[in-house]
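Below: one structure, written as structure tokens.
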Amino acid sequence: MSRAKEALVGVVIVAAVLLVTFGTLWLQGVSLRAAETEVTAAFTSVGLIRPGNNVKYRGVRIGRIREIEVDPQGELVLVRARIQDDIPLPEDAVAILSPESLFGDWQMEIAPRDRFPAYRYSEPREEDHLPGYSIPDISQLTATADRISADIEILTERVGIAFSEETARNVASLIENTEEVTQRLSQLISQQADAFVGVTGEIQETTAEIGEAAVGLRETLDRINATLAREEVGEALNDLLAVTSNLRAFSEGVEGTSDQFRMTAARADSTLMRVSSLLATVEEGEGTLGMLFRDPGVATEMEGALQELQLLLEDVRLNPRRYLRLSIF
Amino acid sequence: MQLLLKPFALLGRGGMTLAAGVGQWGRLTAETVQAARHVDVWLRLLIPQMARVGVDSVPIALFIALFTGIVLALQASYTFTGAIPLYFVGVLVGKTMMLELGPVLTGLALSGRVGANIAAEIGTMRVTEQIDALETLAYPPIAYLVVPRVLAGIIMVPVVTALAIGVGIVAGWITAIQLLDMSSADFVNGLTLFFLPFDVTFAMIKATSFGFIITSIGCFFGFNTQGGAEGVGHSTTRAVVVSSMAILVLDAFWALVLL
Amino acid sequence: MGIVIRDLHKSFGPKVVLDGFSVEARDGETLVILGGSGSGKSVTLKHVVGLLTPDSGEVEVDGQIVSTLAREELFELRRKVGYVFQFAALFDSMTLAENVAMGLRRKSDMDREAIAERVEECLRLVDLDGYGERTPSELSGGQRKRAGIARAIATKPQYLLYDEPTTGLDPVTRAMIDQLILRMSDELGVTGIVITHDMDSAFRVADRFAMLHNGRCRFEGTPDEIRACEDPVVRGFIEGRPELMEKES
């Protein structure tokens, strides 16, 4: 046994040990140079995040989730992450959990609070912990949409009952149309929910456009709130007429080619918008139409659902990449 | 009736042979553990055996890993055409090399190289009375022959496997960049995307068990060699066949138990 | 103390090899065990060093019953016994010098230089000085056999077992090995058992003879007694006349 051979054994072993050690560290994303620091964020629930997921700041990966635990009081979930310590985080930093891609990988994004002011952040007990908010899973988007359409259905039904004995027969038939169209809309949404696994590129675009529309929706809502106040029923019914025809066009468009889809989606946006504004008016109990709806609960619930939908849609608009990965399926 | 019973008789005999073999192998293993206390006997022999089992096997293991890595990258890109982003080539190459092909292909290659070598060497020593000679010179043969080989296998097969995994991944990486028009960042992204430190642990657990299986089965068949040169040939073949099968069975076992 | 074999029985499967073999090699003498091929001579020898365990009966070496010894005690005993294998059984992977040194490393507490010296001495004794760095594959059959003897005597054992030491060798080498056996016995007082069917060699080295036939001791006595023996089996064997033996069986 020559000394050289013995040395060779040593060299091979050392090479393997180094390879395993540094390979593992590298693949784990542990930076050997940059020092790291730990941040902790508090959430009410954490969705699908798990140790090893990325932590991002302004879209750049700055670390990984290390540990997730329920806090001793049992009301918050504490997520600990190691991040590079050379990044100055904003004073009012918050942590947002969201899907990074649709493979089920989640991420924690650190951002100033005013970037997403609408989120309801969990306030941590400890001062140096970040407030956190976990975005609902994208599957909740379709669920919310479904709920909205169900609400529309209920409201429309009531409108139908209220007007059936009225002299304005055309209004009644319009409302029937509305009901039919709404059903189709509901179908469409549930179809989307079914086909969620196989979402197509067009749906993304639609989703994005719905997002934009949703923003407009609130503006319109306010405007119409103002103009419709104390207005005649006839005007409201004219609006409903327009809404219905738009809805019809929308649902017909859905059956058309994908090229038409984009256009009909845009029309659907405005349709939805008007329905919402009408409903808002109704909620306020303003106008003759508003008087018809005696149960404020439905409308309130709908308002909440719309708001939630809007949050999601806003997220789609702000972080289209997160949803763009849909295309790989 | 006779004809009807024959398959069952064959099955029964096969089962008994297998059980007896496993039992004898288990006894050799137990004796090996016992013999490990003769440190003075085997310590001097460990490094040479590590060189034989490990260092000498590095070229063949790396050669296999090199081409496995290349083929994995090419096949992954072929399979993923269009539908799946190319960085999944990195995921596939990394995961496959670490979890399966690195340990198993290295194990199979070494069962042919090391297992056969051990069985032939010890078998020859058996039929030429060298093992008896060891006994008469007051060397416990198991401590002298089996312990250093099995230990060398346990230590060096993981080492060789680690190098093979590294080479396989790098080969896949280079293939991805050169032939698949992927960026290095893409590949690395895929590589790290689903990486868990446990993958490495898993590979090393497998490789260690393979190292033990290859060497202990080689020693077992070597020790039980009967007859002359023909017996040695027989033992060698059986050592390779049995340890290859054992590696595959063990592979499935670990996947069931640990994943 | 010597080596005493008492009523040794050994079968391999259905084949009975030893069927109540008893013989004794007294202290300091060289016992030659005769017997045809496959008569169980080697098997007997392997019982002496505990390489085989008897089905029944016992072997006493140096006052100890071999088959009852614990493993450590057996190794202790083996330090006193040298074994010359039929085909030398040299370790292929080592040089000649390393082969000879093997027993010394294990059986004695000599340091490196003393071992090297003793190896040189043993190789000179078997006329292989200068061959220390060769490997067994570079040696002829006779050289290997002599190397095997050198390895067995290196530790200066009290007992030496020779398994056909002269078979297949040229007459000169044979004579040399016989002289070596005699020297071990005369100068060092080694108790020896030699297995052979080489009658010339047997008569040169033997103090006493035993003949193993059908698993039992057919004859035990001095060289003069065996020459005068009337037993047709013994006669047939030493004179090489199979017809005499056939009549008997």
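Residue numbering restarts at 1 for every chain of the structure tokens, chains are lettered A, B, ... in their displayed order, and ligands are numbered from 1 as they appear.
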Using only C-alpha atoms, which protein or nucleic acid residues come within 10 Å of Leu66 in chain B? Drop anything in the same chain fewer than 4 positions from it, and give the result as a list of chain:residue names. B:Ile60, B:Ala61, B:Leu62, B:Ile70, B:Val71, B:Ala164, B:Ile165, B:Gly166, B:Val167, B:Gly168, B:Ile169, B:Val170, B:Ala171, B:Gly172
Using only C-alpha atoms, determine which residues of chain A fall within 9 Å of chain B; present them as a tab-separated table (two decimals) with N, CA, C and O atoms, in the first residue's frame.
chain	number	residue	atom	x	y	z
A	1	MET	N	0.84	-1.19	0.00
A	1	MET	CA	0.00	0.00	0.00
A	1	MET	C	0.88	1.24	0.00
A	1	MET	O	1.49	1.60	0.99
A	5	LYS	N	-1.38	6.02	-2.71
A	5	LYS	CA	-2.72	5.45	-2.81
A	5	LYS	C	-3.55	5.81	-1.58
A	5	LYS	O	-4.74	6.11	-1.68
A	6	GLU	N	-2.89	5.75	-0.44
A	6	GLU	CA	-3.58	6.15	0.78
A	6	GLU	C	-4.06	7.59	0.67
A	6	GLU	O	-5.19	7.92	1.03
A	8	LEU	N	-4.74	9.13	-2.01
A	8	LEU	CA	-5.82	9.18	-2.99
A	8	LEU	C	-7.16	8.86	-2.33
A	8	LEU	O	-8.18	9.49	-2.61
A	9	VAL	N	-7.15	7.84	-1.45
A	9	VAL	CA	-8.37	7.51	-0.71
A	9	VAL	C	-8.85	8.74	0.04
A	9	VAL	O	-10.03	9.10	-0.01
A	12	VAL	N	-10.31	11.38	-2.32
A	12	VAL	CA	-11.66	11.03	-2.82
A	12	VAL	C	-12.70	11.27	-1.73
A	12	VAL	O	-13.76	11.85	-1.99
A	13	ILE	N	-12.37	10.86	-0.50
A	13	ILE	CA	-13.34	11.05	0.58
A	13	ILE	C	-13.58	12.54	0.83
A	13	ILE	O	-14.73	12.99	0.93
A	14	VAL	N	-12.48	13.30	0.89
A	14	VAL	CA	-12.63	14.73	1.15
A	14	VAL	C	-13.45	15.39	0.04
A	14	VAL	O	-14.35	16.19	0.30
A	15	ALA	N	-13.16	15.00	-1.21
A	15	ALA	CA	-13.91	15.57	-2.34
A	15	ALA	C	-15.39	15.30	-2.18
A	15	ALA	O	-16.23	16.19	-2.37
A	16	ALA	N	-15.73	14.06	-1.81
A	16	ALA	CA	-17.15	13.71	-1.69
A	16	ALA	C	-17.80	14.47	-0.55
A	16	ALA	O	-18.92	14.97	-0.69
A	17	VAL	N	-17.08	14.56	0.57
A	17	VAL	CA	-17.66	15.26	1.72
A	17	VAL	C	-17.89	16.74	1.39
A	17	VAL	O	-18.95	17.30	1.67
A	19	LEU	N	-18.28	18.00	-1.58
A	19	LEU	CA	-19.35	18.08	-2.57
A	19	LEU	C	-20.71	18.02	-1.89
A	19	LEU	O	-21.60	18.84	-2.17
A	20	VAL	N	-20.87	17.05	-0.99
A	20	VAL	CA	-22.17	16.88	-0.32
A	20	VAL	C	-22.48	18.11	0.52
A	20	VAL	O	-23.57	18.68	0.44
A	23	GLY	N	-22.70	21.32	-1.77
A	23	GLY	CA	-23.82	21.13	-2.70
A	23	GLY	C	-25.14	21.32	-1.98
A	23	GLY	O	-26.03	22.02	-2.45
A	24	THR	N	-25.26	20.69	-0.81
A	24	THR	CA	-26.50	20.80	-0.05
A	24	THR	C	-26.76	22.25	0.35
A	24	THR	O	-27.85	22.78	0.18
A	25	LEU	N	-25.71	22.89	0.87
A	25	LEU	CA	-25.88	24.28	1.30
A	25	LEU	C	-26.30	25.16	0.12
A	25	LEU	O	-27.20	25.99	0.23
A	26	TRP	N	-25.63	24.92	-1.01
A	26	TRP	CA	-25.92	25.75	-2.18
A	26	TRP	C	-27.35	25.54	-2.66
A	26	TRP	O	-28.11	26.48	-2.92
A	27	LEU	N	-27.75	24.27	-2.76
A	27	LEU	CA	-29.10	23.98	-3.24
A	27	LEU	C	-30.15	24.46	-2.26
A	27	LEU	O	-31.26	24.79	-2.64
A	28	GLN	N	-29.78	24.48	-0.99
A	28	GLN	CA	-30.71	24.97	0.01
A	28	GLN	C	-30.84	26.46	-0.05
A	28	GLN	O	-31.71	27.04	0.58
A	29	GLY	N	-29.91	27.09	-0.78
A	29	GLY	CA	-29.95	28.53	-0.91
A	29	GLY	C	-29.32	29.25	0.25
A	29	GLY	O	-29.55	30.43	0.46
A	52	GLY	N	-38.81	26.39	3.72
A	52	GLY	CA	-38.09	26.25	2.46
A	52	GLY	C	-38.63	27.16	1.38
A	52	GLY	O	-37.95	27.45	0.40
A	53	ASN	N	-39.86	27.67	1.56
A	53	ASN	CA	-40.43	28.57	0.56
A	53	ASN	C	-39.67	29.90	0.55
A	53	ASN	O	-39.01	30.28	1.52
A	327	SER	N	-50.31	29.14	-17.50
A	327	SER	CA	-50.16	28.68	-18.88
A	327	SER	C	-49.43	27.36	-18.98
A	327	SER	O	-49.48	26.72	-20.01
A	328	ILE	N	-48.74	26.96	-17.96
A	328	ILE	CA	-48.01	25.70	-18.12
A	328	ILE	C	-48.92	24.48	-18.09
A	328	ILE	O	-48.52	23.39	-18.46
A	329	PHE	N	-50.15	24.66	-17.62
A	329	PHE	CA	-50.98	23.45	-17.56
A	329	PHE	C	-51.57	23.11	-18.91
A	329	PHE	O	-52.25	23.90	-19.52
Show me which bits of chain B are within 9 Å of chain C, counting only C-alpha atoms, as number ranges by chain. B: 41, 125, 128-140
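Among the candidate residues C:Leu123, C:Leu160, C:Val48, C:Met94, the one lying nearest to chain A is C:Met94, with distances computed using only C-alpha atoms.
Ranking A:Gln107, A:Ser98, A:Thr21, A:Thr44 by their shortest atom-to-atom distance to Arg64 in chain A, with only C-alpha atoms included, puts A:Gln107 first.
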Would you list, as a VMD selection string, the residues of range 89-157 of chain B that end up in alpha helix (DSSP H) under DSSP run on this structure's backbone? chain B and resid 89 to 96 102 to 110 116 to 127 130 to 136 141 147 to 157
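Taking CA of Ala210 in chain C and CA of Asp186 in chain C as the two end points, the separation is 20.2 Å.
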Extract, using only C-alpha atoms, all DNA, RNA and protein residues at most 7 Å from Ala111 in chain A, discarding same-chain residues fewer than 2 positions from it, and format them as a PyMOL selection string. chain A and resi 57-58+93-95+109+113+115
Okay, now the selection with N, CA, C and O atoms, as an mmCIF file, in the first residue's frame?
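Written output follows (selection.cif):
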data_model
loop_
_atom_site.group_PDB
_atom_site.id
_atom_site.type_symbol
_atom_site.label_atom_id
_atom_site.label_comp_id
_atom_site.auth_asym_id
_atom_site.auth_seq_id
_atom_site.Cartn_x
_atom_site.Cartn_y
_atom_site.Cartn_z
ATOM 1 N N TYR A 57 -38.738 40.378 -1.497
ATOM 2 C CA TYR A 57 -38.914 41.787 -1.192
ATOM 3 C C TYR A 57 -38.834 42.532 -2.508
ATOM 4 O O TYR A 57 -37.829 42.426 -3.230
ATOM 5 N N ARG A 58 -39.869 43.238 -2.839
ATOM 6 C CA ARG A 58 -39.967 43.911 -4.141
ATOM 7 C C ARG A 58 -39.679 42.932 -5.281
ATOM 8 O O ARG A 58 -38.980 43.253 -6.229
ATOM 9 N N ALA A 93 -43.181 47.629 7.601
ATOM 10 C CA ALA A 93 -43.190 46.431 6.758
ATOM 11 C C ALA A 93 -44.272 45.456 7.207
ATOM 12 O O ALA A 93 -44.546 45.313 8.396
ATOM 13 N N VAL A 94 -44.890 44.828 6.226
ATOM 14 C CA VAL A 94 -45.843 43.762 6.514
ATOM 15 C C VAL A 94 -45.445 42.555 5.689
ATOM 16 O O VAL A 94 -44.661 42.661 4.750
ATOM 17 N N ALA A 95 -45.985 41.386 6.052
ATOM 18 C CA ALA A 95 -45.677 40.166 5.314
ATOM 19 C C ALA A 95 -46.957 39.627 4.707
ATOM 20 O O ALA A 95 -48.005 39.603 5.362
ATOM 21 N N GLU A 109 -44.067 37.560 0.946
ATOM 22 C CA GLU A 109 -43.586 38.805 0.396
ATOM 23 C C GLU A 109 -43.559 39.846 1.502
ATOM 24 O O GLU A 109 -44.509 39.985 2.266
ATOM 25 N N ARG A 113 -46.676 48.640 4.319
ATOM 26 C CA ARG A 113 -48.102 48.414 4.541
ATOM 27 C C ARG A 113 -48.975 49.148 3.512
ATOM 28 O O ARG A 113 -49.984 48.602 3.059
ATOM 29 N N ARG A 115 -48.640 49.570 0.514
ATOM 30 C CA ARG A 115 -48.702 48.959 -0.815
ATOM 31 C C ARG A 115 -50.029 48.212 -0.987
ATOM 32 O O ARG A 115 -50.662 48.267 -2.020
#
